[in-house]
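One file, work-v2.tsv, is given below (TSV, C-alpha atoms and all ligand atoms).
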chain	number	residue	atom	x	y	z
A	1	MET	CA	78.28	77.99	81.27
A	2	THR	CA	81.23	80.40	81.43
A	3	ASP	CA	83.79	81.29	78.79
A	4	ASP	CA	86.99	79.29	79.52
A	5	LYS	CA	89.02	82.45	79.22
A	6	ALA	CA	86.84	84.50	81.53
A	7	VAL	CA	88.33	86.00	84.69
A	8	THR	CA	86.60	87.67	87.61
A	9	VAL	CA	88.39	90.25	89.74
A	10	LEU	CA	87.05	90.94	93.24
A	11	GLY	CA	88.30	94.25	94.63
A	12	LEU	CA	88.98	97.34	92.59
A	13	GLY	CA	91.48	99.14	94.73
A	14	ALA	CA	94.71	100.34	93.15
A	15	MET	CA	95.98	96.78	92.72
A	16	GLY	CA	92.72	95.03	91.80
A	17	SER	CA	92.09	97.64	89.09
A	18	ALA	CA	95.58	97.10	87.69
A	19	LEU	CA	95.03	93.32	87.66
A	20	ALA	CA	91.69	93.66	85.88
A	21	GLY	CA	93.29	96.03	83.37
A	22	ALA	CA	96.06	93.51	82.64
A	23	PHE	CA	93.53	90.72	82.01
A	24	LEU	CA	91.64	93.02	79.65
A	25	ALA	CA	94.87	93.90	77.85
A	26	ALA	CA	95.49	90.16	77.41
A	27	GLY	CA	92.14	89.85	75.64
A	28	ARG	CA	90.22	88.07	78.40
A	29	PRO	CA	86.55	88.63	79.22
A	30	VAL	CA	86.69	90.30	82.64
A	31	THR	CA	83.95	90.65	85.25
A	32	VAL	CA	84.62	93.00	88.14
A	33	TRP	CA	83.08	93.63	91.53
A	34	ASN	CA	83.95	96.04	94.29
A	35	ARG	CA	82.34	96.44	97.72
A	36	THR	CA	81.84	100.15	97.08
A	37	PRO	CA	80.36	100.70	93.63
A	38	GLY	CA	81.63	103.40	91.29
A	39	LYS	CA	85.25	102.32	90.85
A	40	ALA	CA	84.86	100.36	87.61
A	41	GLY	CA	84.22	103.21	85.13
A	42	GLU	CA	87.53	103.04	83.31
A	43	LEU	CA	87.58	99.24	83.23
A	44	VAL	CA	84.01	99.12	81.91
A	45	ALA	CA	85.00	101.60	79.19
A	46	ARG	CA	87.72	99.13	78.22
A	47	GLY	CA	85.27	96.22	78.02
A	48	ALA	CA	84.91	94.85	81.56
A	49	THR	CA	81.52	93.87	82.94
A	50	GLU	CA	80.69	95.32	86.35
A	51	VAL	CA	78.28	93.40	88.54
A	52	ALA	CA	76.53	94.41	91.73
A	53	THR	CA	77.22	91.41	93.94
A	54	ALA	CA	80.15	89.16	94.72
A	55	GLU	CA	77.99	86.15	93.93
A	56	GLU	CA	77.24	87.36	90.39
A	57	ALA	CA	80.93	88.06	89.95
A	58	VAL	CA	81.94	84.58	91.11
A	59	ARG	CA	79.37	82.90	88.86
A	60	ALA	CA	80.67	84.76	85.79
A	61	SER	CA	84.05	82.97	85.54
A	62	GLY	CA	85.86	79.75	86.33
A	63	LEU	CA	88.86	81.77	87.54
A	64	VAL	CA	88.22	84.24	90.37
A	65	VAL	CA	91.00	86.59	91.48
A	66	ALA	CA	90.60	88.32	94.84
A	67	CYS	CA	92.72	91.35	95.71
A	68	LEU	CA	91.26	92.90	98.83
A	69	TRP	CA	92.46	94.79	101.87
A	70	ASP	CA	93.36	91.88	104.13
A	71	HIS	CA	92.61	88.27	105.05
A	72	ARG	CA	89.51	89.27	106.98
A	73	SER	CA	88.01	91.06	104.01
A	74	VAL	CA	88.64	87.97	101.86
A	75	HIS	CA	86.52	85.89	104.25
A	76	GLN	CA	83.90	88.64	104.54
A	77	THR	CA	83.59	88.63	100.74
A	78	LEU	CA	83.83	84.90	100.02
A	79	ASP	CA	82.19	83.24	103.05
A	80	PRO	CA	78.68	84.16	101.89
A	81	VAL	CA	79.31	82.81	98.35
A	82	THR	CA	81.02	79.47	98.98
A	83	GLY	CA	78.08	77.70	97.29
A	84	ALA	CA	78.81	79.58	94.06
A	85	LEU	CA	82.55	78.94	94.34
A	86	ALA	CA	82.31	75.13	94.25
A	87	GLY	CA	84.21	73.77	91.25
A	88	ARG	CA	85.93	77.09	90.51
A	89	VAL	CA	89.46	78.30	91.16
A	90	VAL	CA	90.17	81.22	93.47
A	91	VAL	CA	93.49	83.02	93.26
A	92	ASN	CA	93.97	85.13	96.37
A	93	LEU	CA	96.40	87.98	95.77
A	94	THR	CA	95.60	89.79	99.00
A	95	ASN	CA	98.63	90.27	101.23
A	96	GLY	CA	98.69	87.86	104.16
A	97	THR	CA	100.75	85.56	106.34
A	98	PRO	CA	101.75	81.96	105.57
A	99	GLY	CA	99.28	80.81	108.23
A	100	GLN	CA	96.49	82.75	106.57
A	101	GLY	CA	97.37	81.20	103.19
A	102	ARG	CA	97.19	77.72	104.72
A	103	GLU	CA	93.91	78.51	106.43
A	104	LEU	CA	92.41	79.67	103.13
A	105	GLY	CA	93.68	76.58	101.31
A	106	GLY	CA	92.08	74.27	103.88
A	107	TRP	CA	88.86	76.27	103.91
A	108	ALA	CA	88.64	76.15	100.09
A	109	GLY	CA	89.10	72.36	100.18
A	110	GLU	CA	86.26	72.02	102.69
A	111	HIS	CA	83.98	73.94	100.33
A	112	GLY	CA	84.94	72.12	97.14
A	113	PHE	CA	86.96	74.70	95.27
A	114	ALA	CA	90.65	75.04	94.52
A	115	LEU	CA	92.76	77.88	95.81
A	116	LEU	CA	96.09	79.36	94.83
A	117	ASP	CA	97.50	81.86	97.26
A	118	GLY	CA	99.72	84.54	95.82
A	119	GLY	CA	102.07	87.39	96.55
A	120	ILE	CA	102.41	90.28	94.14
A	121	MET	CA	105.96	91.58	93.89
A	122	ALA	CA	105.16	94.81	92.09
A	123	VAL	CA	103.30	98.08	92.51
A	124	PRO	CA	100.15	98.68	90.45
A	125	PRO	CA	101.75	100.57	87.51
A	126	MET	CA	104.14	97.62	87.00
A	127	ILE	CA	101.38	95.02	86.58
A	128	GLY	CA	101.47	93.40	83.15
A	129	GLY	CA	104.96	94.78	82.51
A	130	PRO	CA	108.33	93.03	82.40
A	131	GLY	CA	109.44	93.98	85.93
A	132	ALA	CA	106.49	92.44	87.77
A	133	PHE	CA	106.52	88.97	89.24
A	134	VAL	CA	103.86	87.15	91.18
A	135	LEU	CA	104.43	84.23	93.54
A	136	TYR	CA	101.90	81.39	93.71
A	137	SER	CA	101.46	78.37	95.95
A	138	GLY	CA	98.84	75.65	96.14
A	139	PRO	CA	98.09	72.63	93.93
A	140	GLU	CA	100.60	72.57	91.06
A	141	GLU	CA	98.09	71.20	88.54
A	142	VAL	CA	95.82	74.17	89.25
A	143	PHE	CA	98.70	76.60	88.77
A	144	THR	CA	99.69	74.88	85.51
A	145	ALA	CA	96.12	74.93	84.20
A	146	HIS	CA	95.78	78.68	84.83
A	147	ARG	CA	99.30	79.82	84.19
A	148	ASP	CA	98.50	81.27	80.80
A	149	ALA	CA	95.88	83.57	82.34
A	150	LEU	CA	98.09	84.49	85.30
A	151	ASP	CA	101.04	85.34	83.06
A	152	ALA	CA	99.08	88.43	81.97
A	153	LEU	CA	99.93	89.99	85.36
A	154	GLY	CA	103.70	89.53	85.24
A	155	GLU	CA	106.13	86.65	85.48
A	156	SER	CA	104.43	83.79	87.36
A	157	ARG	CA	106.61	82.02	89.94
A	158	TYR	CA	105.29	78.81	91.47
A	159	VAL	CA	106.84	78.22	94.90
A	160	GLY	CA	105.22	75.05	96.17
A	161	SER	CA	102.10	73.07	96.97
A	162	ASP	CA	101.97	74.28	100.60
A	163	HIS	CA	99.47	77.15	100.44
A	164	GLY	CA	101.61	79.17	102.86
A	165	MET	CA	104.70	79.35	100.67
A	166	ALA	CA	103.75	82.29	98.45
A	167	ALA	CA	103.07	84.44	101.51
A	168	LEU	CA	106.29	83.21	103.12
A	169	TYR	CA	108.38	84.26	100.11
A	170	ASP	CA	106.41	87.50	99.78
A	171	ILE	CA	106.93	88.43	103.43
A	172	ALA	CA	110.62	87.46	103.27
A	173	LEU	CA	111.15	89.72	100.25
A	174	LEU	CA	109.16	92.56	101.83
A	175	SER	CA	111.19	92.17	105.03
A	176	ALA	CA	114.40	92.66	103.05
A	177	MET	CA	112.85	95.67	101.33
A	178	TYR	CA	111.80	97.31	104.60
A	179	GLY	CA	115.21	96.63	106.13
A	180	ALA	CA	116.88	98.35	103.18
A	181	SER	CA	114.45	101.25	103.21
A	182	MET	CA	115.03	101.80	106.94
A	183	GLY	CA	118.74	102.05	106.22
A	184	GLU	CA	118.06	104.41	103.33
A	185	LEU	CA	115.92	106.75	105.44
A	186	HIS	CA	118.42	106.77	108.30
A	187	ALA	CA	121.22	107.61	105.84
A	188	PHE	CA	119.20	110.50	104.39
A	189	ALA	CA	118.39	111.72	107.92
A	190	MET	CA	122.10	111.71	108.79
A	191	VAL	CA	123.09	113.81	105.79
A	192	ARG	CA	120.08	116.13	106.16
A	193	SER	CA	121.19	116.79	109.76
A	194	ALA	CA	124.30	118.38	108.26
A	195	GLY	CA	122.39	120.35	105.63
A	196	VAL	CA	123.15	118.00	102.72
A	197	ARG	CA	120.28	117.52	100.27
A	198	ALA	CA	119.13	113.94	99.75
A	199	ALA	CA	119.41	114.40	95.98
A	200	GLU	CA	123.07	115.30	96.35
A	201	PHE	CA	123.79	112.21	98.44
A	202	ALA	CA	121.60	109.77	96.47
A	203	PRO	CA	124.16	108.84	93.76
A	204	LEU	CA	126.64	107.71	96.42
A	205	LEU	CA	123.92	105.77	98.21
A	206	GLN	CA	122.89	104.14	94.93
A	207	ARG	CA	126.47	103.09	94.24
A	208	TRP	CA	127.03	101.78	97.77
A	209	MET	CA	123.78	99.80	97.93
A	210	ALA	CA	124.40	98.24	94.51
A	211	MET	CA	127.72	96.98	95.85
A	212	VAL	CA	126.29	95.79	99.18
A	213	GLY	CA	123.40	94.10	97.36
A	214	GLY	CA	125.86	92.01	95.38
A	215	PHE	CA	126.62	89.70	98.32
A	216	HIS	CA	123.35	87.81	98.71
A	217	GLU	CA	124.65	84.62	97.12
A	218	ARG	CA	127.76	84.57	99.29
A	219	THR	CA	125.62	85.13	102.41
A	220	ALA	CA	123.25	82.37	101.26
A	221	GLU	CA	126.17	79.91	101.05
A	222	LEU	CA	127.16	80.71	104.63
A	223	VAL	CA	123.58	80.48	105.87
A	224	ASP	CA	122.96	77.13	104.16
A	225	SER	CA	126.22	75.64	105.41
A	226	ARG	CA	125.81	77.20	108.88
A	227	ASP	CA	129.55	77.64	108.76
A	228	TYR	CA	130.28	81.34	109.23
A	229	THR	CA	134.05	80.94	109.49
A	230	ARG	CA	134.80	80.54	105.77
A	231	ASP	CA	136.76	83.28	103.96
A	232	VAL	CA	135.84	85.91	106.53
A	233	VAL	CA	136.84	89.37	105.35
A	234	SER	CA	135.28	91.73	107.93
A	235	ASN	CA	134.56	89.81	111.07
A	236	LEU	CA	131.64	90.37	113.42
A	237	GLY	CA	133.76	91.45	116.42
A	238	MET	CA	135.29	94.29	114.40
A	239	GLN	CA	131.87	95.31	113.07
A	240	ALA	CA	130.29	95.19	116.53
A	241	ALA	CA	133.02	97.47	117.91
A	242	ALA	CA	132.45	99.99	115.11
A	243	TYR	CA	128.65	99.74	115.13
A	244	HIS	CA	128.41	101.81	118.28
A	245	ASN	CA	129.78	104.71	116.25
A	246	LEU	CA	126.66	104.58	114.09
A	247	ILE	CA	124.51	105.05	117.18
A	248	ASP	CA	126.78	107.71	118.74
A	249	ALA	CA	126.97	109.61	115.44
A	250	ALA	CA	123.18	109.64	115.17
A	251	HIS	CA	122.93	111.14	118.69
A	252	GLU	CA	125.64	113.70	117.86
A	253	GLN	CA	123.69	114.79	114.78
A	254	GLY	CA	120.33	114.97	116.53
A	255	VAL	CA	118.99	111.91	114.66
A	256	SER	CA	117.15	109.11	116.42
A	257	PRO	CA	119.06	105.81	116.13
A	258	GLU	CA	115.88	103.76	116.60
A	259	LEU	CA	115.94	102.27	113.10
A	260	LEU	CA	119.52	101.06	113.62
A	261	ALA	CA	119.48	100.18	117.29
A	262	PRO	CA	117.98	96.63	117.23
A	263	LEU	CA	121.01	95.15	115.48
A	264	TYR	CA	123.52	96.24	118.11
A	265	PRO	CA	122.51	93.97	121.02
A	266	LEU	CA	122.45	91.01	118.63
A	267	MET	CA	125.99	91.79	117.50
A	268	LEU	CA	127.17	92.05	121.11
A	269	ARG	CA	125.43	88.81	122.09
A	270	ARG	CA	126.84	86.80	119.21
A	271	THR	CA	130.32	88.20	119.88
A	272	ALA	CA	130.03	87.44	123.60
A	273	GLU	CA	129.04	83.86	122.68
A	274	GLY	CA	132.45	83.45	121.00
A	275	HIS	CA	131.61	84.15	117.35
A	276	GLY	CA	133.40	87.48	116.96
A	277	HIS	CA	135.88	85.98	114.49
A	278	GLU	CA	133.07	84.87	112.16
A	279	ASP	CA	131.11	86.52	109.37
A	280	ASN	CA	128.18	88.58	110.60
A	281	ALA	CA	125.85	86.28	108.63
A	282	GLY	CA	126.03	84.14	111.77
A	283	LEU	CA	123.65	86.60	113.44
A	284	ILE	CA	120.88	84.63	111.74
A	285	GLU	CA	121.38	81.94	114.39
A	286	LEU	CA	119.98	84.36	116.99
A	287	LEU	CA	116.75	85.01	115.10
A	288	PHE	CA	114.88	81.75	115.57
A	289	THR	CA	112.32	81.48	118.33
A	290	ARG	CA	111.71	77.80	117.48
A	291	ARG	CA	114.16	75.10	116.45
A	292	SER	CA	115.00	75.66	112.77
A	301	LIG	N1	99.28	98.63	96.06
A	301	LIG	C1	100.47	98.08	96.27
A	301	LIG	O1	101.51	98.66	96.00
A	301	LIG	C2	100.62	96.70	96.89
A	301	LIG	C3	101.49	95.80	96.03
A	301	LIG	C4	101.60	94.39	96.55
A	301	LIG	C5	100.23	93.81	96.93
A	301	LIG	N2	99.50	94.73	97.77
A	301	LIG	C6	98.32	94.13	98.40
A	301	LIG	O2	97.19	94.10	97.51
A	301	LIG	C7	95.99	94.19	98.27
A	301	LIG	C8	95.13	95.33	97.73
A	301	LIG	O3	95.89	96.50	97.75
A	301	LIG	P1	95.39	97.82	97.02
A	301	LIG	O4	96.60	98.62	96.69
A	301	LIG	O5	94.48	97.49	95.91
A	301	LIG	O6	94.58	98.51	98.22
A	301	LIG	P2	93.40	99.57	98.15
A	301	LIG	O7	93.58	100.46	96.97
A	301	LIG	O8	93.33	100.20	99.47
A	301	LIG	O9	92.09	98.68	97.91
A	301	LIG	C9	91.56	97.83	98.90
A	301	LIG	C10	90.43	97.03	98.31
A	301	LIG	O10	89.91	96.16	99.33
A	301	LIG	C11	88.49	96.39	99.40
A	301	LIG	N3	88.02	96.08	100.73
A	301	LIG	C12	88.47	96.56	101.90
A	301	LIG	N4	87.80	96.01	102.93
A	301	LIG	C13	86.90	95.18	102.40
A	301	LIG	C14	85.90	94.32	102.95
A	301	LIG	N5	85.74	94.19	104.27
A	301	LIG	N6	85.15	93.60	102.10
A	301	LIG	C15	85.31	93.69	100.75
A	301	LIG	N7	86.23	94.51	100.16
A	301	LIG	C16	87.01	95.23	100.99
A	301	LIG	C17	88.33	97.84	99.03
A	301	LIG	O11	86.98	98.04	98.68
A	301	LIG	P3	86.27	99.50	98.89
A	301	LIG	O12	86.89	100.12	100.14
A	301	LIG	O13	86.58	100.28	97.66
A	301	LIG	O14	84.86	99.18	99.07
A	301	LIG	C18	89.28	97.93	97.83
A	301	LIG	O15	88.71	97.37	96.69
A	301	LIG	C19	96.39	94.42	99.73
A	301	LIG	O16	96.35	93.20	100.42
A	301	LIG	C20	97.83	94.91	99.60
A	301	LIG	O17	98.62	94.66	100.75
A	301	LIG	C21	99.27	96.04	97.15
Would you mind writing the file out in structure tokens?
Amino acid sequence: MTDDKAVTVLGLGAMGSALAGAFLAAGRPVTVWNRTPGKAGELVARGATEVATAEEAVRASGLVVACLWDHRSVHQTLDPVTGALAGRVVVNLTNGTPGQGRELGGWAGEHGFALLDGGIMAVPPMIGGPGAFVLYSGPEEVFTAHRDALDALGESRYVGSDHGMAALYDIALLSAMYGASMGELHAFAMVRSAGVRAAEFAPLLQRWMAMVGGFHERTAELVDSRDYTRDVVSNLGMQAAAYHNLIDAAHEQGVSPELLAPLYPLMLRRTAEGHGHEDNAGLIELLFTRRS
């Protein structure tokens, strides 16, 4: 018999510890396990129970949250304890691909337990606070039954019954983040090459990126309609002609253009294919390697 409110957290890295702390703060009985012992001191002082094996941890709660290094470590941890998992719910918050999420969902079904796959859109200090949100996919009734517990971590966003969807959304959001941070670093490198401190330039960058970031809904309309000719303000052909200046300027300043360079051949290709008069959102049509 386990307490209905009990939660087990497998993995006490930076994120797993934050998750366990948020469940404790929400008043839940929390059992924790980590491959390497000795990481649970603070959580135990706050009321968590540390156990020595993953099997004991799994048996302690109906809801088992795994936040480990990668997909492989999830299998290494859970494969030996599938017998104990039967009838329980596993929420996997380890970063992975959509394919890995689907594989885990199928594997859980074969072993008689339910699985939600998740994507955490926050860093550890944000967990349990208003800025954090967590994506979930898998059986909706399982999400609904455990939503109250999961809400302790941040805003819970259910994105579909296909186990791969949480990872798909997660990876899409991370891809946008890395794209933006590549641009940010290149911009700082450019100004540093002229002796300008990043802190001096940052307010302008902040202002510019806030403005640029305001166009996602307009781009989404173009992408969904696949019509990139509507209300074009700055067409692709003009942008492609100017883009070479970004690369030349980087060379002039002794900065590698390698973070910027991949976009240029796509711009040239799309323009050469007769779409220079369109919005540059049309570049998306060059990204698919399968029919989409
Ligand atoms: N931290 C972050 O900002 C991001 C935010 C978004 C989500 N990610 C993902 O969360 C997963 C865990 O990340 P983390 O920050 O907790 O990572 P670490 O602090 O490095 O802890 C890793 C834990 O995984 C355990 N572990 C590693 N390999 C194995 C294994 N083969 N079997 C069992 N456990 C394993 C490790 O244990 P130990 O090294 O202490 O024994 C830690 O508990 C991750 O997917 C992020 O992408 C975090």
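Take the candidates A:Gly213, A:Gly11, A:Gly99, A:Pro125 and check each one against Val64 (chain A) using all atoms listed in the file; the shortest distance goes to A:Gly11.
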Quick check, in Å to one decimal: how far apart do CA of His244 (chain A) and CA of Leu205 (chain A) lie?
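Computed distance, CA of His244 (chain A) to CA of Leu205 (chain A), equals 20.9 Å.
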10 Å contact set for Asp279 (chain A), all atoms listed in the file, chain neighbours under 4 positions out, as a list in words
Thr219, Leu222, Asp227, Tyr228, Thr229, Arg230, Asp231, Val232, Val233, Ser234, Asn235, Leu236, Gly237, Gln239, His275 and Leu283 of chain A
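In this model, the gap between atom N2 of ligand LIG 301 (chain A) and CA of His163 (chain A) comes to 17.8 Å.
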Compile the contact shell of Met190 (chain A) as a PyMOL selection string: residues with an atom at most 9 Å away, counting only C-alpha atoms, same-chain residues fewer than 2 positions apart removed.
chain A and resi 185-188+192-194+196+249-250+253-255
Size and centre in Å, one decimal, axis-aligned box, all listed ligand LIG 301 (chain A) atoms plus 8 Å per side, as AutoDock Vina command-line options:
--center_x 93.2 --center_y 96.8 --center_z 100.1 --size_x 32.7 --size_y 23.3 --size_z 24.4
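CA of Ala176 (chain A) is found 11.1 Å from CA of His216 (chain A).
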Would you be able to write out as number ranges by chain which residues have an atom within 12 Å of (94.6, 100.9, 92.4) in the file's coordinates, counting all atoms listed in the file?
A: 11-21, 34, 39-40, 42-43, 67-69, 123-127
Hey, what's within 8 Å of region 240-243 of chain A if we count all atoms listed in the file and toss same-chain stuff fewer than 2 positions away? As a PyMOL selection string, please?
chain A and resi 236-238+245-247+264+267-268+271
For Ala60 (chain A): contacts at 10 Å, only C-alpha atoms, fewer than 4 positions along chain excluded, given as a list of chain:residue names:
A:Met1, A:Thr2, A:Asp3, A:Ala6, A:Val7, A:Thr8, A:Pro29, A:Val30, A:Thr31, A:Val32, A:Thr49, A:Val51, A:Ala54, A:Glu55, A:Glu56, A:Val64, A:Ala84
Region 150-160 of chain A: which residues within 9 Å, counting all atoms listed in the file, same-chain residues fewer than 3 positions away excluded, as a ChimeraX atom specification?
/A:18-19,22-23,25-26,122,126-140,143,146-147,163-166,169
Quick one: of A:Leu85, A:Ala48, A:Val74, A:Leu263, who's nearest to ligand LIG 301 (chain A), counting all atoms listed in the file?
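So, comparing all the options, the nearest one is A:Val74.
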Exercise: residues within 10 Å of coordinate (81.4, 77.4, 91.9), counting all atoms listed in the file, as an MDAnalysis selection string
chainID A and resid 55 58:64 81:90 111:114
Among listed residues A:Gly41, A:Gly47, A:Gly118, A:Gly101, nearest ligand LIG 301 (chain A) (using only C-alpha atoms and all ligand atoms):
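Smallest separation from ligand LIG 301 (chain A) among the options: A:Gly118.
Residue nearest ligand LIG 301 (chain A), chosen from A:Asn95, A:Asn280, A:Ser225, A:Thr53 and counting all atoms listed in the file: A:Asn95.
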Here is a test: counting all atoms listed in the file, which residue of A:Gly119, A:Gly27, A:Gly105, A:Pro98 is nearest to ligand LIG 301 (chain A)?
A:Gly119
Would you please work out which residue, of A:Glu103, A:Glu278, A:Glu184, A:Glu285, is nearest to Leu260 (chain A) when using all atoms listed in the file?
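Using all atoms listed in the file, the shortest distance to Leu260 (chain A) belongs to A:Glu184.
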Restore N, CA, C and O atoms in region 32-53 of chain A and list the result as an mmCIF file, in the frame of the given file.
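Result file selection.cif:
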data_model
loop_
_atom_site.group_PDB
_atom_site.id
_atom_site.type_symbol
_atom_site.label_atom_id
_atom_site.label_comp_id
_atom_site.auth_asym_id
_atom_site.auth_seq_id
_atom_site.Cartn_x
_atom_site.Cartn_y
_atom_site.Cartn_z
ATOM 1 N N VAL A 32 84.051 92.373 86.942
ATOM 2 C CA VAL A 32 84.620 93.000 88.140
ATOM 3 C C VAL A 32 83.527 93.307 89.160
ATOM 4 O O VAL A 32 82.380 93.577 88.811
ATOM 5 N N TRP A 33 83.964 93.253 90.418
ATOM 6 C CA TRP A 33 83.080 93.630 91.530
ATOM 7 C C TRP A 33 83.915 94.344 92.581
ATOM 8 O O TRP A 33 85.069 93.994 92.814
ATOM 9 N N ASN A 34 83.314 95.360 93.159
ATOM 10 C CA ASN A 34 83.950 96.040 94.290
ATOM 11 C C ASN A 34 82.895 96.318 95.345
ATOM 12 O O ASN A 34 81.735 96.605 95.035
ATOM 13 N N ARG A 35 83.296 96.212 96.621
ATOM 14 C CA ARG A 35 82.340 96.440 97.720
ATOM 15 C C ARG A 35 81.639 97.781 97.549
ATOM 16 O O ARG A 35 80.412 97.881 97.641
ATOM 17 N N THR A 36 82.419 98.820 97.303
ATOM 18 C CA THR A 36 81.840 100.150 97.080
ATOM 19 C C THR A 36 81.713 100.354 95.574
ATOM 20 O O THR A 36 82.726 100.329 94.865
ATOM 21 N N PRO A 37 80.499 100.529 95.084
ATOM 22 C CA PRO A 37 80.360 100.700 93.630
ATOM 23 C C PRO A 37 80.979 102.020 93.163
ATOM 24 O O PRO A 37 81.256 102.901 93.964
ATOM 25 N N GLY A 38 81.178 102.127 91.862
ATOM 26 C CA GLY A 38 81.630 103.400 91.290
ATOM 27 C C GLY A 38 83.107 103.446 90.959
ATOM 28 O O GLY A 38 83.630 104.480 90.568
ATOM 29 N N LYS A 39 83.800 102.306 91.120
ATOM 30 C CA LYS A 39 85.250 102.320 90.850
ATOM 31 C C LYS A 39 85.592 101.640 89.521
ATOM 32 O O LYS A 39 86.772 101.492 89.186
ATOM 33 N N ALA A 40 84.565 101.191 88.785
ATOM 34 C CA ALA A 40 84.860 100.360 87.610
ATOM 35 C C ALA A 40 84.779 101.122 86.295
ATOM 36 O O ALA A 40 84.972 100.528 85.225
ATOM 37 N N GLY A 41 84.496 102.450 86.354
ATOM 38 C CA GLY A 41 84.220 103.210 85.130
ATOM 39 C C GLY A 41 85.243 102.981 84.019
ATOM 40 O O GLY A 41 84.874 102.624 82.886
ATOM 41 N N GLU A 42 86.501 103.145 84.348
ATOM 42 C CA GLU A 42 87.530 103.040 83.310
ATOM 43 C C GLU A 42 87.630 101.608 82.761
ATOM 44 O O GLU A 42 87.803 101.396 81.557
ATOM 45 N N LEU A 43 87.485 100.636 83.664
ATOM 46 C CA LEU A 43 87.580 99.240 83.230
ATOM 47 C C LEU A 43 86.380 98.871 82.351
ATOM 48 O O LEU A 43 86.528 98.171 81.348
ATOM 49 N N VAL A 44 85.197 99.380 82.719
ATOM 50 C CA VAL A 44 84.010 99.120 81.910
ATOM 51 C C VAL A 44 84.186 99.747 80.523
ATOM 52 O O VAL A 44 83.873 99.134 79.490
ATOM 53 N N ALA A 45 84.758 100.945 80.491
ATOM 54 C CA ALA A 45 85.000 101.600 79.190
ATOM 55 C C ALA A 45 85.951 100.761 78.333
ATOM 56 O O ALA A 45 85.882 100.797 77.101
ATOM 57 N N ARG A 46 86.772 99.981 78.980
ATOM 58 C CA ARG A 46 87.720 99.130 78.220
ATOM 59 C C ARG A 46 87.137 97.736 77.938
ATOM 60 O O ARG A 46 87.818 96.881 77.388
ATOM 61 N N GLY A 47 85.917 97.491 78.385
ATOM 62 C CA GLY A 47 85.270 96.220 78.020
ATOM 63 C C GLY A 47 84.917 95.318 79.183
ATOM 64 O O GLY A 47 84.330 94.254 78.965
ATOM 65 N N ALA A 48 85.262 95.699 80.413
ATOM 66 C CA ALA A 48 84.910 94.850 81.560
ATOM 67 C C ALA A 48 83.412 94.928 81.834
ATOM 68 O O ALA A 48 82.748 95.913 81.484
ATOM 69 N N THR A 49 82.916 93.883 82.500
ATOM 70 C CA THR A 49 81.520 93.870 82.940
ATOM 71 C C THR A 49 81.508 94.071 84.451
ATOM 72 O O THR A 49 82.147 93.302 85.182
ATOM 73 N N GLU A 50 80.791 95.100 84.901
ATOM 74 C CA GLU A 50 80.690 95.320 86.350
ATOM 75 C C GLU A 50 79.403 94.698 86.849
ATOM 76 O O GLU A 50 78.351 94.860 86.227
ATOM 77 N N VAL A 51 79.484 93.977 87.954
ATOM 78 C CA VAL A 51 78.280 93.400 88.540
ATOM 79 C C VAL A 51 78.113 93.915 89.966
ATOM 80 O O VAL A 51 79.066 94.399 90.582
ATOM 81 N N ALA A 52 76.877 93.766 90.460
ATOM 82 C CA ALA A 52 76.530 94.410 91.730
ATOM 83 C C ALA A 52 76.865 93.569 92.946
ATOM 84 O O ALA A 52 77.001 94.094 94.050
ATOM 85 N N THR A 53 76.967 92.243 92.755
ATOM 86 C CA THR A 53 77.220 91.410 93.940
ATOM 87 C C THR A 53 78.414 90.479 93.705
ATOM 88 O O THR A 53 78.720 90.105 92.561
#
